[in-house]
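Shown below: coords.cif, with mmCIF, C-alpha atoms.
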```cif
data_my_file
loop_
_atom_site.label_atom_id
_atom_site.label_comp_id
_atom_site.auth_asym_id
_atom_site.auth_seq_id
_atom_site.Cartn_x
_atom_site.Cartn_y
_atom_site.Cartn_z
CA MET A 9 79.52 107.52 78.74
CA ALA A 10 79.18 104.35 76.71
CA PHE A 11 82.87 104.03 75.82
CA LEU A 12 84.13 104.11 79.43
CA SER A 13 85.19 100.79 80.95
CA ASP A 14 83.18 98.73 83.42
CA ALA A 15 86.24 98.75 85.71
CA LEU A 16 86.18 102.54 85.95
CA ALA A 17 82.48 102.45 86.81
CA ARG A 18 83.34 100.41 89.91
CA VAL A 19 85.60 103.15 91.28
CA ALA A 20 84.52 106.25 93.20
CA PRO A 21 86.46 109.54 92.92
CA SER A 22 88.82 110.39 95.78
CA ALA A 23 86.93 112.48 98.33
CA THR A 24 90.12 113.92 99.76
CA VAL A 25 91.26 115.09 96.34
CA ALA A 26 87.80 116.48 95.53
CA ILE A 27 87.50 118.56 98.71
CA THR A 28 91.09 119.77 98.50
CA GLN A 29 90.48 120.84 94.89
CA LYS A 30 87.29 122.64 95.91
CA ALA A 31 89.26 124.48 98.61
CA ARG A 32 91.91 125.48 96.04
CA ILE A 33 89.24 126.88 93.71
CA MET A 34 87.73 128.90 96.57
CA MET A 35 91.19 130.30 97.33
CA LEU A 36 91.71 131.28 93.69
CA GLU A 37 88.39 133.10 93.86
CA GLY A 38 89.78 135.14 96.72
CA GLN A 39 87.96 133.41 99.57
CA ASP A 40 89.60 132.98 102.97
CA VAL A 41 90.12 129.21 103.19
CA ILE A 42 92.15 127.07 105.59
CA ALA A 43 92.63 123.69 103.87
CA LEU A 44 93.14 120.88 106.38
CA SER A 45 91.86 118.22 103.99
CA ALA A 46 95.13 116.94 102.46
CA GLY A 47 97.79 114.78 104.11
CA GLU A 48 100.97 116.66 103.32
CA PRO A 49 103.75 117.79 105.70
CA ASP A 50 104.18 121.56 105.67
CA PHE A 51 107.96 121.32 106.19
CA ASP A 52 110.46 121.81 103.36
CA THR A 53 112.25 118.80 101.89
CA PRO A 54 115.59 118.64 103.78
CA LEU A 55 118.39 120.65 102.16
CA ASN A 56 120.73 117.68 101.75
CA VAL A 57 118.03 115.86 99.78
CA ARG A 58 117.40 118.85 97.50
CA ASP A 59 121.16 119.19 96.96
CA ALA A 60 121.39 115.52 95.98
CA ALA A 61 118.71 116.09 93.33
CA LYS A 62 120.61 119.06 91.94
CA ARG A 63 123.82 117.02 91.76
CA ALA A 64 121.99 114.24 89.94
CA MET A 65 120.77 116.71 87.33
CA ASP A 66 124.21 118.29 86.96
CA GLU A 67 125.75 114.83 86.54
CA GLY A 68 123.31 113.91 83.78
CA LYS A 69 121.40 111.25 85.75
CA THR A 70 118.30 112.06 83.77
CA ARG A 71 117.81 108.86 81.75
CA TYR A 72 115.58 105.82 82.09
CA THR A 73 116.52 103.55 84.97
CA ASN A 74 115.72 99.94 85.79
CA VAL A 75 111.95 99.56 86.00
CA ASP A 76 112.05 98.64 89.70
CA GLY A 77 114.57 101.32 90.70
CA ILE A 78 118.26 102.16 90.54
CA ALA A 79 120.57 99.75 92.35
CA GLU A 80 121.73 102.46 94.75
CA LEU A 81 118.18 103.20 95.91
CA LYS A 82 117.26 99.55 96.30
CA GLU A 83 120.39 99.10 98.42
CA ALA A 84 119.36 102.11 100.52
CA VAL A 85 115.85 100.70 100.91
CA ALA A 86 117.20 97.32 102.03
CA ALA A 87 119.51 99.03 104.51
CA LYS A 88 116.57 101.03 105.87
CA PHE A 89 114.47 97.89 106.39
CA ARG A 90 117.39 96.15 108.14
CA ARG A 91 118.23 99.18 110.28
CA ASP A 92 114.78 100.36 111.28
CA ASN A 93 112.55 97.30 111.03
CA GLY A 94 114.74 94.28 111.70
CA LEU A 95 113.92 92.76 108.31
CA ASP A 96 116.82 90.74 106.91
CA VAL A 97 116.49 91.75 103.25
CA THR A 98 118.77 92.61 100.36
CA ALA A 99 118.30 94.88 97.35
CA ALA A 100 116.92 91.89 95.44
CA ASP A 101 114.00 91.84 97.88
CA CYS A 102 113.10 95.51 97.26
CA PHE A 103 111.10 97.49 94.72
CA VAL A 104 110.70 101.21 93.91
CA SER A 105 107.73 102.96 92.32
CA SER A 106 106.20 106.40 91.69
CA GLY A 107 104.76 106.82 95.16
CA GLY A 108 103.36 104.42 97.72
CA LYS A 109 99.96 104.29 96.01
CA GLN A 110 101.56 102.65 92.98
CA ILE A 111 103.04 99.93 95.20
CA ILE A 112 99.53 99.07 96.41
CA PHE A 113 98.08 99.29 92.90
CA ASN A 114 100.81 97.06 91.46
CA ALA A 115 100.48 94.45 94.20
CA MET A 116 96.69 94.25 93.93
CA LEU A 117 96.53 94.27 90.13
CA ALA A 118 99.27 91.64 89.89
CA THR A 119 97.49 89.18 92.19
CA LEU A 120 93.71 89.70 92.27
CA ASN A 121 91.04 88.00 90.17
CA PRO A 122 87.24 88.27 90.15
CA GLY A 123 85.91 86.43 93.20
CA ASP A 124 88.94 87.24 95.36
CA GLU A 125 88.43 89.21 98.56
CA VAL A 126 90.58 91.75 100.38
CA VAL A 127 89.99 92.58 104.05
CA VAL A 128 90.05 96.35 104.52
CA PRO A 129 89.79 97.66 108.10
CA VAL A 130 87.31 100.52 108.57
CA PRO A 131 87.97 103.42 108.66
CA TYR A 132 90.32 103.18 105.69
CA TRP A 133 92.38 105.41 103.42
CA VAL A 134 90.03 106.27 100.57
CA SER A 135 92.09 104.53 97.85
CA TYR A 136 92.26 101.02 99.37
CA PRO A 137 88.80 99.74 98.40
CA GLU A 138 88.84 101.52 95.06
CA ILE A 139 92.14 99.90 94.05
CA VAL A 140 90.72 96.50 95.04
CA ARG A 141 87.59 97.12 92.97
CA LEU A 142 89.62 98.33 90.01
CA ALA A 143 91.53 95.03 90.14
CA GLY A 144 88.22 93.16 89.86
CA ALA A 145 88.11 91.85 93.43
CA THR A 146 85.83 92.60 96.39
CA PRO A 147 86.76 94.64 99.47
CA VAL A 148 85.47 93.11 102.71
CA PHE A 149 85.13 95.73 105.42
CA ALA A 150 86.16 94.92 108.99
CA VAL A 151 85.03 97.65 111.38
CA ALA A 152 87.53 99.09 113.85
CA ASP A 153 85.68 102.05 115.33
CA ALA A 154 86.34 104.36 118.27
CA SER A 155 85.33 101.66 120.76
CA THR A 156 88.56 99.78 119.89
CA GLY A 157 90.69 102.88 119.41
CA PHE A 158 90.18 102.47 115.64
CA LYS A 159 92.23 99.25 115.73
CA LEU A 160 91.23 95.94 114.19
CA SER A 161 90.67 93.23 116.79
CA PRO A 162 91.68 89.61 116.22
CA ALA A 163 88.06 88.48 116.54
CA VAL A 164 86.83 90.92 113.88
CA LEU A 165 89.69 89.95 111.57
CA GLU A 166 88.90 86.25 112.02
CA ALA A 167 85.24 86.86 111.17
CA ALA A 168 86.15 88.75 107.98
CA ILE A 169 88.40 86.03 106.51
CA THR A 170 86.87 83.51 104.09
CA PRO A 171 88.38 80.93 101.71
CA GLN A 172 88.30 83.70 99.06
CA THR A 173 90.41 86.12 101.10
CA LYS A 174 93.70 86.87 99.36
CA TRP A 175 94.92 90.00 101.17
CA LEU A 176 94.65 92.01 104.36
CA ILE A 177 95.58 95.69 104.04
CA LEU A 178 96.97 97.02 107.32
CA ASN A 179 97.91 100.68 107.82
CA THR A 180 99.80 101.79 110.92
CA PRO A 181 99.93 104.58 111.95
CA SER A 182 96.59 105.05 110.28
CA ASN A 183 95.17 107.46 107.80
CA PRO A 184 92.57 108.76 108.75
CA THR A 185 92.64 108.08 112.50
CA GLY A 186 96.29 108.21 113.60
CA ALA A 187 95.87 104.87 115.42
CA ALA A 188 99.19 103.03 115.77
CA TYR A 189 99.33 99.31 116.55
CA SER A 190 101.74 98.16 119.24
CA ALA A 191 103.85 95.04 118.73
CA GLU A 192 101.52 93.22 121.13
CA GLU A 193 98.45 94.23 119.13
CA LEU A 194 100.07 93.13 115.88
CA LYS A 195 101.00 89.81 117.49
CA GLY A 196 97.31 89.18 118.13
CA LEU A 197 96.48 89.79 114.46
CA ALA A 198 99.43 87.66 113.38
CA GLU A 199 98.10 84.69 115.34
CA VAL A 200 94.90 84.87 113.29
CA LEU A 201 96.80 85.20 110.01
CA LEU A 202 99.01 82.21 110.78
CA ARG A 203 95.83 80.09 110.76
CA HIS A 204 94.97 81.29 107.23
CA PRO A 205 97.94 80.63 104.92
CA GLN A 206 96.07 81.87 101.82
CA VAL A 207 95.99 85.44 103.17
CA HIS A 208 98.78 87.83 102.21
CA ILE A 209 99.38 91.07 104.09
CA LEU A 210 100.09 94.52 102.70
CA SER A 211 101.49 96.60 105.54
CA ASP A 212 101.28 100.31 104.67
CA ASP A 213 103.90 101.90 106.94
CA ILE A 214 104.06 105.29 105.20
CA TYR A 215 103.65 107.17 108.53
CA GLU A 216 106.24 105.05 110.36
CA VAL A 217 108.37 107.95 111.61
CA LEU A 218 105.39 109.79 113.10
CA VAL A 219 104.64 107.87 116.30
CA TYR A 220 104.19 109.91 119.47
CA ASP A 221 104.44 109.82 123.27
CA GLY A 222 107.60 107.71 123.19
CA ARG A 223 105.88 104.75 121.55
CA ALA A 224 107.92 102.35 119.41
CA PHE A 225 106.85 101.66 115.83
CA ALA A 226 106.26 98.02 114.88
CA THR A 227 105.45 96.33 111.59
CA ILE A 228 103.86 92.90 111.28
CA ALA A 229 106.67 91.08 109.39
CA GLN A 230 109.02 92.20 112.17
CA VAL A 231 106.65 91.06 114.94
CA GLU A 232 105.96 87.67 113.32
CA PRO A 233 108.80 86.60 110.96
CA ALA A 234 106.79 83.54 109.86
CA LEU A 235 104.52 85.94 107.95
CA ARG A 236 107.34 87.59 106.02
CA PRO A 237 107.08 85.24 102.97
CA ARG A 238 103.54 86.54 102.38
CA THR A 239 103.90 90.16 103.47
CA VAL A 240 104.55 93.28 101.41
CA THR A 241 105.97 95.96 103.69
CA MET A 242 105.42 99.30 101.97
CA ASN A 243 106.86 102.72 102.78
CA GLY A 244 108.07 105.88 101.07
CA VAL A 245 109.73 109.26 101.53
CA SER A 246 106.59 111.39 101.11
CA LYS A 247 105.69 111.75 104.78
CA SER A 248 109.07 110.96 106.38
CA HIS A 249 111.05 113.53 104.39
CA ALA A 250 108.31 115.94 103.19
CA MET A 251 108.70 114.68 99.62
CA THR A 252 105.07 114.23 98.56
CA GLY A 253 105.66 115.76 95.13
CA TRP A 254 108.80 113.73 94.44
CA ARG A 255 106.68 110.56 94.12
CA ILE A 256 108.86 107.78 95.52
CA GLY A 257 107.45 104.71 97.20
CA TYR A 258 109.26 101.50 98.02
CA CYS A 259 108.61 98.07 99.48
CA THR A 260 110.00 94.68 100.30
CA GLY A 261 108.15 91.45 99.67
CA PRO A 262 108.26 87.99 98.07
CA ARG A 263 110.54 88.03 95.03
CA GLU A 264 107.97 86.26 92.84
CA LEU A 265 105.49 89.05 93.55
CA LEU A 266 108.10 91.77 93.01
CA ALA A 267 108.86 90.27 89.60
CA ALA A 268 105.17 90.41 88.71
CA MET A 269 104.97 94.01 89.91
CA THR A 270 108.01 94.87 87.79
CA LYS A 271 106.33 93.31 84.75
CA LEU A 272 103.20 95.37 85.38
CA GLN A 273 105.09 98.60 86.02
CA GLY A 274 107.14 98.04 82.88
CA GLN A 275 103.93 98.19 80.86
CA SER A 276 102.50 101.20 82.70
CA THR A 277 104.71 103.97 84.08
CA ASN A 278 108.13 102.31 83.77
CA ASN A 279 110.63 103.64 86.32
CA ALA A 280 110.04 106.37 88.87
CA SER A 281 111.70 109.73 88.16
CA SER A 282 115.46 109.27 88.03
CA ILE A 283 116.11 112.57 89.83
CA SER A 284 113.64 111.68 92.58
CA GLN A 285 115.33 108.31 93.01
CA TRP A 286 118.73 109.90 93.59
CA ALA A 287 117.16 112.33 96.05
CA ALA A 288 115.58 109.37 97.87
CA VAL A 289 118.99 107.68 98.16
CA GLU A 290 120.20 110.69 100.13
CA ALA A 291 116.95 110.81 102.12
CA LEU A 292 117.36 107.22 103.31
CA ASN A 293 121.15 107.19 103.73
CA GLY A 294 121.60 110.72 105.05
CA PRO A 295 121.01 112.20 108.52
CA GLN A 296 117.69 111.38 110.17
CA ASP A 297 118.10 113.54 113.29
CA PHE A 298 115.69 116.23 112.01
CA LEU A 299 112.85 113.75 112.55
CA VAL A 300 113.10 114.24 116.32
CA GLU A 301 112.12 117.90 115.94
CA TRP A 302 109.43 117.14 113.35
CA ARG A 303 107.85 114.61 115.73
CA ARG A 304 107.96 117.13 118.57
CA VAL A 305 106.22 119.76 116.43
CA PHE A 306 103.56 117.37 115.19
CA GLN A 307 102.88 116.03 118.69
CA ALA A 308 102.44 119.57 120.02
CA ARG A 309 100.06 120.36 117.17
CA ARG A 310 98.12 117.17 117.88
CA ASP A 311 97.70 118.13 121.51
CA MET A 312 96.57 121.65 120.62
CA VAL A 313 94.05 120.40 118.05
CA VAL A 314 92.56 117.70 120.29
CA LYS A 315 92.21 120.17 123.18
CA GLY A 316 90.51 122.74 120.92
CA LEU A 317 88.15 120.27 119.27
CA THR A 318 86.88 118.93 122.59
CA ALA A 319 86.42 122.33 124.31
CA ASN A 320 82.62 122.53 124.63
CA THR A 321 82.09 121.89 120.93
CA GLY A 322 79.90 118.78 121.03
CA LEU A 323 82.66 116.88 119.24
CA ASP A 324 84.34 113.75 120.62
CA CYS A 325 87.97 113.14 119.70
CA LEU A 326 90.36 110.33 120.61
CA VAL A 327 94.03 111.26 120.97
CA PRO A 328 95.90 109.85 117.92
CA GLU A 329 99.07 107.86 118.51
CA GLY A 330 100.71 108.70 115.19
CA ALA A 331 100.47 110.23 111.67
CA PHE A 332 99.09 113.80 111.49
CA TYR A 333 95.33 113.37 111.53
CA VAL A 334 92.53 113.50 114.07
CA PHE A 335 89.23 111.73 113.39
CA PRO A 336 86.62 113.26 115.70
CA SER A 337 82.98 112.24 115.95
CA CYS A 338 80.39 114.89 115.11
CA GLN A 339 77.55 112.48 115.82
CA ARG A 340 76.10 114.55 118.68
CA LEU A 341 75.68 117.54 116.36
CA LEU A 342 73.90 115.74 113.53
CA GLY A 343 70.21 116.31 113.05
CA LYS A 344 70.65 119.95 114.08
CA THR A 345 70.97 123.14 112.02
CA SER A 346 74.02 125.34 111.44
CA ALA A 347 73.97 129.08 112.04
CA GLY A 348 73.82 129.49 108.26
CA GLY A 349 70.62 127.45 108.08
CA THR A 350 71.99 124.13 106.82
CA LEU A 351 70.43 120.97 108.23
CA LEU A 352 73.33 118.77 109.34
CA ALA A 353 71.82 115.39 108.53
CA THR A 354 75.18 113.71 107.77
CA ASP A 355 78.88 114.16 108.41
CA GLU A 356 79.21 115.34 104.80
CA ASP A 357 76.63 118.04 105.49
CA PHE A 358 78.71 119.03 108.52
CA VAL A 359 82.00 119.47 106.65
CA MET A 360 80.42 121.16 103.63
CA ALA A 361 78.55 123.63 105.84
CA LEU A 362 81.74 124.26 107.79
CA LEU A 363 83.58 125.00 104.53
CA ALA A 364 80.83 127.28 103.21
CA GLU A 365 80.33 129.19 106.47
CA THR A 366 83.86 129.36 107.88
CA GLY A 367 86.29 128.47 105.08
CA VAL A 368 87.76 125.46 106.92
CA ALA A 369 88.17 122.44 104.61
CA LEU A 370 87.96 118.97 106.20
CA VAL A 371 86.96 115.53 104.87
CA HIS A 372 83.81 113.74 106.02
CA GLY A 373 84.13 110.39 107.74
CA ALA A 374 81.87 108.49 105.34
CA ALA A 375 84.60 108.94 102.69
CA PHE A 376 86.76 106.69 104.92
CA GLY A 377 83.95 104.21 105.53
CA LEU A 378 82.87 105.47 108.96
CA ALA A 379 80.02 107.97 108.97
CA GLY A 380 79.52 110.44 111.81
CA HIS A 381 83.17 111.51 111.85
CA PHE A 382 85.49 113.86 109.97
CA ARG A 383 89.23 113.96 109.31
CA LEU A 384 91.37 116.98 110.06
CA SER A 385 95.03 117.07 109.02
CA TYR A 386 97.23 119.00 111.44
CA ALA A 387 100.10 119.11 108.94
CA ALA A 388 99.76 122.90 108.86
CA SER A 389 101.30 125.86 110.65
CA ASN A 390 100.37 126.61 114.25
CA ALA A 391 98.80 129.92 113.18
CA GLU A 392 96.57 128.17 110.61
CA LEU A 393 95.58 125.48 113.10
CA GLU A 394 94.76 128.00 115.83
CA GLU A 395 92.58 130.00 113.45
CA ALA A 396 90.90 126.85 112.11
CA ILE A 397 90.10 125.61 115.62
CA SER A 398 88.67 129.00 116.51
CA ARG A 399 86.40 128.88 113.46
CA ILE A 400 85.33 125.29 114.18
CA GLN A 401 84.49 126.22 117.78
CA ALA A 402 82.40 129.18 116.59
CA PHE A 403 80.65 127.00 113.99
CA CYS A 404 79.79 124.36 116.59
CA ALA A 405 78.58 127.01 119.04
CA GLY A 406 76.15 128.29 116.39
CA ILE A 407 74.53 124.90 115.78
CA LYS A 408 70.92 124.76 117.01
#
```
What is this structure when it is put down as C-alpha cells?
Amino acid sequence: MAFLSDALARVAPSATVAITQKARIMMLEGQDVIALSAGEPDFDTPLNVRDAAKRAMDEGKTRYTNVDGIAELKEAVAAKFRRDNGLDVTAADCFVSSGGKQIIFNAMLATLNPGDEVVVPVPYWVSYPEIVRLAGATPVFAVADASTGFKLSPAVLEAAITPQTKWLILNTPSNPTGAAYSAEELKGLAEVLLRHPQVHILSDDIYEVLVYDGRAFATIAQVEPALRPRTVTMNGVSKSHAMTGWRIGYCTGPRELLAAMTKLQGQSTNNASSISQWAAVEALNGPQDFLVEWRRVFQARRDMVVKGLTANTGLDCLVPEGAFYVFPSCQRLLGKTSAGGTLLATDEDFVMALLAETGVALVHGAAFGLAGHFRLSYAASNAELEEAISRIQAFCAGIK
C-alpha cells in the first residue's frame, strides 16, 4: 500500500510466528496438530516468581518505572552477570527492556546508519537480519553450516568483516541449531575481533542455562575482557525461568550505548511491565536449583528426538549442545514426492506437506538462512514428542 514506509518494505514477516499461527488456526478448526514450531519452555513459571508478582500487585507496584528498569532489577542483573559470567559490572552498566528482542532492536536502531554492515552468522534467528534492515543497515551473512557444527569459524568471520562493519551478532547456544561455542572457540573469534576495533559485538545469551553433557557456558566478554568495552551481553528470563509471556530482557554494555538505548526506549515503549520486573527480581535473586532438573529433562528429550529423527528416515541430524532445538537436514528427501502427492522441491515444501499430512508443525530451514534443513523445538511434553517423531517417521517412510 502506498502509505506504508520504505523501511517496512525491507522487512520480511517472521516465519516462526507465521507457522505457529497457522498451527493454532488448524487447532481451532479441530484438527489434530502438534506444534513444535515455537521456542517456548513447556514448564510453568516457578512458584516463587509468580508469588513475587502477586506481592508486587498487592503492594501497589503498578506504576511507571524508570525507563531502563527499576533499581532493584538492575542490581539483580548486575549480580547475575558477576556471579554467572565473571563480568565486573554494576547496576549502572545494565539495562532492562520488554524482552530480549527489544534489547537487540534498541542497540541496532541506536547505532546503525545506511551503509553500515552487521555480520550475521548463518543459520540465524529469523529476527536478526530483519532488525538490521529495519535500522537501515545491511546484514552480511557468514555461513556456519553443518560441516563446522553450525559454528562460525575465525576465517569465515575475518572474510565477512569490512571497513563498514559495525556489529557482529553472536548467539550461543544457538537458535535454530543448538550449537554452543566453547571458551576456546570464542577465543578464536575474539582474536579476529581484536584486529577490527570498529566492530561491536552483540552476544545473545538467552539460552545460557541450557547447555548439555556437562559443558560449561561461556560468553565472549568473559573470554576476552579486552572486548568488553564494545560488547553488549544480552539475556533474559524467558527461557531460563519459563517467562516468555512476562517480556523481560536485560543486558550489560557500554554506558554511552545504554544511554542511547534508554533515549530510544523512552520514545517507544517506555519501561517494561512493572509487575514483570518485580517477578524478574525474584527470578534472578531466588533459588536456581530447579534448572538442574530442567536441563536433565531437556537433554533427555534431545536424545530421544535425535535418535528418532535419524532412525531410517533419510534425515541427517547433528546432536545439539544447548537450547531446545534440533536442525536436521532433509536434503536427501528433496526432489521426491510425499505420500499425499506433494513434490518436495524445497525444505518449505517438506514442512508444509508434513503439516498438511500429519499435523506436525515445524519451521523450514530457509527461514533461518540455510535451505535444506528444518527446525524442531523439543520444548514439549515427552508424549507430544514421541507422537510427533512417530508421525515424522511415517511421513518420511511414505516419500517416493
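With distances restricted to all atoms listed in the file, A:Leu326 is the closest residue to Thr156 of chain A from A:Leu117, A:Ile33, A:Ala168, A:Leu326.
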Test item: residues at most 9 Å from Phe149 of chain A, all atoms listed in the file, excluding those fewer than 2 positions along its chain, as a PyMOL selection string: chain A and resi 126-131+137+147+151+168+377
Enumerate, as a short mmCIF file (atom, residue, chain, number, x, y, z; two decimals) with C-alpha atoms, in the coordinates of the input, the residues matched when the PyMOL selection byres ((chain A and resi 338) around 12) is run on the file above.
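Saved file result.cif follows:
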```cif
data_model
loop_
_atom_site.label_atom_id
_atom_site.label_comp_id
_atom_site.auth_asym_id
_atom_site.auth_seq_id
_atom_site.Cartn_x
_atom_site.Cartn_y
_atom_site.Cartn_z
CA LEU A 317 88.15 120.27 119.27
CA THR A 318 86.88 118.93 122.59
CA THR A 321 82.09 121.89 120.93
CA GLY A 322 79.90 118.78 121.03
CA LEU A 323 82.66 116.88 119.24
CA ASP A 324 84.34 113.75 120.62
CA CYS A 325 87.97 113.14 119.70
CA PHE A 335 89.23 111.73 113.39
CA PRO A 336 86.62 113.26 115.70
CA SER A 337 82.98 112.24 115.95
CA GLN A 339 77.55 112.48 115.82
CA ARG A 340 76.10 114.55 118.68
CA LEU A 341 75.68 117.54 116.36
CA LEU A 342 73.90 115.74 113.53
CA GLY A 343 70.21 116.31 113.05
CA LYS A 344 70.65 119.95 114.08
CA LEU A 352 73.33 118.77 109.34
CA ALA A 353 71.82 115.39 108.53
CA THR A 354 75.18 113.71 107.77
CA ASP A 355 78.88 114.16 108.41
CA GLU A 356 79.21 115.34 104.80
CA ASP A 357 76.63 118.04 105.49
CA PHE A 358 78.71 119.03 108.52
CA VAL A 359 82.00 119.47 106.65
CA LEU A 362 81.74 124.26 107.79
CA HIS A 372 83.81 113.74 106.02
CA GLY A 373 84.13 110.39 107.74
CA ALA A 374 81.87 108.49 105.34
CA LEU A 378 82.87 105.47 108.96
CA ALA A 379 80.02 107.97 108.97
CA GLY A 380 79.52 110.44 111.81
CA HIS A 381 83.17 111.51 111.85
CA PHE A 382 85.49 113.86 109.97
CA ARG A 383 89.23 113.96 109.31
CA ILE A 400 85.33 125.29 114.18
CA CYS A 404 79.79 124.36 116.59
CA ILE A 407 74.53 124.90 115.78
#
```
Can you measure atom CA of Thr241 of chain A to atom CA of Ala154 of chain A for me? One decimal in Å is fine. 25.9 Å
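Restricting the calculation to all atoms listed in the file, the smallest distance between Leu370 of chain A and any of A:Ala396, A:Met65, A:Leu142, A:Ala188 is found for A:Ala396.
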Could the residues of segment 289-369 of chain A that have an atom at most 12 Å from segment 57-61 of chain A be listed as a Markdown table, each with its closest atom pair and the distance in Å to one decimal, counting all atoms listed in the file and ordered by chain and ascending residue number?
```
| residue | atom | partner | partner_atom | distance |
| --- | --- | --- | --- | --- |
| A:Val289 | CA | A:Val57 | CA | 8.4 |
| A:Glu290 | CA | A:Val57 | CA | 5.6 |
| A:Ala291 | CA | A:Val57 | CA | 5.7 |
| A:Leu292 | CA | A:Val57 | CA | 9.4 |
| A:Asn293 | CA | A:Val57 | CA | 10.0 |
| A:Gly294 | CA | A:Val57 | CA | 8.2 |
| A:Pro295 | CA | A:Val57 | CA | 9.9 |
| A:Gln296 | CA | A:Val57 | CA | 11.3 |
```
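Under the PyMOL selection byres ((chain A and resi 92) around 10), the matching residues in the shown file are A:Ala87, A:Lys88, A:Phe89, A:Arg90, A:Arg91, A:Asn93, A:Gly94, A:Leu95, A:Glu216, A:Val217, A:Phe225, A:Ala226.
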Name the residues in contact with segment 119-124 of chain A at a cut-off of 9 Å, using only C-alpha atoms, excluding same-chain residues fewer than 4 positions from it; report them as a PyMOL selection string. chain A and resi 114-115+140+143-147+171-175+265+268
With a distance cut-off of 12 Å and all atoms listed in the file, select the neighbouring residues of Ser182 of chain A, excluding the residue or stretch itself and same-chain residues fewer than 2 positions from it, and output the selection as a PyMOL selection string. chain A and resi 47+129-134+152+157-160+177-180+184-189+211-216+218-219+328-335+376+383
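Straight-line separation from atom CA of His208 of chain A to atom CA of Thr24 of chain A: 27.6 Å.
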Here is a test: counting all atoms listed in the file, which residue of A:Val313, A:Leu197, A:Val19, A:Met34 is nearest to Ser135 of chain A? A:Val19
Name the residues captured by the PyMOL selection byres ((chain A and resi 245-252) around 8) when it is applied to the shown file; answer as a VMD selection string. chain A and resid 48 to 54 107 214 to 218 243 to 244 253 to 257 288 291 299
